[in-house]
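Novice: The structure under discussion is supplied below as structure tokens; questions concerning it will follow.
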Amino acid sequence: MISKTDITVWTISGLLAIGIGLGKYSKYKARQKMVRDFAAMDPAQREKLLSRLQPELQMEIRQELMKRFRLKTDI
């Protein structure tokens, strides 16, 4: 027998899962757009902007540039 409490819990869980999934997806899309923007820049400007980012984010973007676009950046 399914009670009203079970339906409420499943509904809340579903909405929470959708919210978390959409948040991760938007973060992924923003990161991919940032990598494409960095790939379109000239190397001097790219390095200048990369140096302003957090070290973890710098490494992620550099690795992605190397993997997807075969662009070498100074480390």
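Chains: A, B, ... in order of the structure tokens. Residues: from 1 per chain. Ligands: from 1, in order shown.
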Please list as number ranges by chain every residue within 12 Å of stretch 48-55 of chain A, counting only C-alpha atoms and excluding residues in the same chain fewer than 3 positions away.
Specialist: A: 34-35, 37-39, 41-45, 58-62, 65, 73-75
Novice: Can I get the selection written as an mmCIF file, in the first residue's frame, with N, CA and C atoms?
Specialist:
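File written: part.cif
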data_model
loop_
_atom_site.group_PDB
_atom_site.id
_atom_site.type_symbol
_atom_site.label_atom_id
_atom_site.label_comp_id
_atom_site.auth_asym_id
_atom_site.auth_seq_id
_atom_site.Cartn_x
_atom_site.Cartn_y
_atom_site.Cartn_z
ATOM 1 N N MET A 34 33.789 28.358 -21.599
ATOM 2 C CA MET A 34 35.009 29.035 -21.205
ATOM 3 C C MET A 34 36.221 28.463 -21.946
ATOM 4 N N VAL A 35 36.279 27.155 -22.087
ATOM 5 C CA VAL A 35 37.392 26.517 -22.794
ATOM 6 C C VAL A 35 37.386 26.933 -24.260
ATOM 7 N N ASP A 37 36.177 29.695 -25.492
ATOM 8 C CA ASP A 37 36.591 31.096 -25.542
ATOM 9 C C ASP A 37 38.108 31.229 -25.405
ATOM 10 N N PHE A 38 38.704 30.453 -24.498
ATOM 11 C CA PHE A 38 40.156 30.482 -24.344
ATOM 12 C C PHE A 38 40.849 29.972 -25.607
ATOM 13 N N ALA A 39 40.284 28.998 -26.264
ATOM 14 C CA ALA A 39 40.889 28.456 -27.480
ATOM 15 C C ALA A 39 40.874 29.487 -28.606
ATOM 16 N N MET A 41 41.252 32.707 -28.257
ATOM 17 C CA MET A 41 42.093 33.859 -27.945
ATOM 18 C C MET A 41 43.508 33.677 -28.489
ATOM 19 N N ASP A 42 44.213 34.806 -28.602
ATOM 20 C CA ASP A 42 45.629 34.701 -28.948
ATOM 21 C C ASP A 42 46.392 34.270 -27.685
ATOM 22 N N PRO A 43 47.539 33.608 -27.849
ATOM 23 C CA PRO A 43 48.246 33.002 -26.708
ATOM 24 C C PRO A 43 48.597 33.973 -25.579
ATOM 25 N N ALA A 44 49.011 35.186 -25.897
ATOM 26 C CA ALA A 44 49.390 36.132 -24.844
ATOM 27 C C ALA A 44 48.191 36.511 -23.977
ATOM 28 N N GLN A 45 47.072 36.782 -24.620
ATOM 29 C CA GLN A 45 45.868 37.140 -23.872
ATOM 30 C C GLN A 45 45.370 35.948 -23.066
ATOM 31 N N GLN A 58 42.783 26.672 -13.451
ATOM 32 C CA GLN A 58 43.812 26.851 -14.480
ATOM 33 C C GLN A 58 44.231 25.508 -15.055
ATOM 34 N N MET A 59 44.533 24.562 -14.176
ATOM 35 C CA MET A 59 44.993 23.248 -14.633
ATOM 36 C C MET A 59 43.913 22.527 -15.425
ATOM 37 N N GLU A 60 42.676 22.618 -14.976
ATOM 38 C CA GLU A 60 41.570 21.977 -15.701
ATOM 39 C C GLU A 60 41.443 22.542 -17.109
ATOM 40 N N ILE A 61 41.493 23.863 -17.212
ATOM 41 C CA ILE A 61 41.337 24.503 -18.520
ATOM 42 C C ILE A 61 42.523 24.182 -19.415
ATOM 43 N N ARG A 62 43.734 24.209 -18.863
ATOM 44 C CA ARG A 62 44.916 23.878 -19.663
ATOM 45 C C ARG A 62 44.856 22.440 -20.175
ATOM 46 N N LEU A 65 42.264 22.296 -22.939
ATOM 47 C CA LEU A 65 42.779 22.912 -24.163
ATOM 48 C C LEU A 65 43.730 21.967 -24.882
ATOM 49 N N THR A 73 49.904 25.529 -23.588
ATOM 50 C CA THR A 73 49.954 26.753 -22.799
ATOM 51 C C THR A 73 51.146 26.666 -21.870
ATOM 52 N N ASP A 74 51.690 27.807 -21.493
ATOM 53 C CA ASP A 74 52.813 27.831 -20.554
ATOM 54 C C ASP A 74 52.305 27.511 -19.177
ATOM 55 N N ILE A 75 53.030 26.653 -18.495
ATOM 56 C CA ILE A 75 52.612 26.263 -17.140
ATOM 57 C C ILE A 75 53.508 26.910 -16.116
#
Novice: Using DSSP on the backbone coordinates, identify the residues of chain A assigned to alpha helix (DSSP H); present them as a PyMOL selection string.
Specialist: chain A and resi 4-40+43-51+55-64
Novice: Choose the residue, out of A:Met1, A:Leu71, A:Ile7, A:Leu57, that has the smallest atom-to-atom separation from A:Arg31; count only C-alpha atoms.
Specialist: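 Of all the options, A:Leu57 lies closest to A:Arg31.
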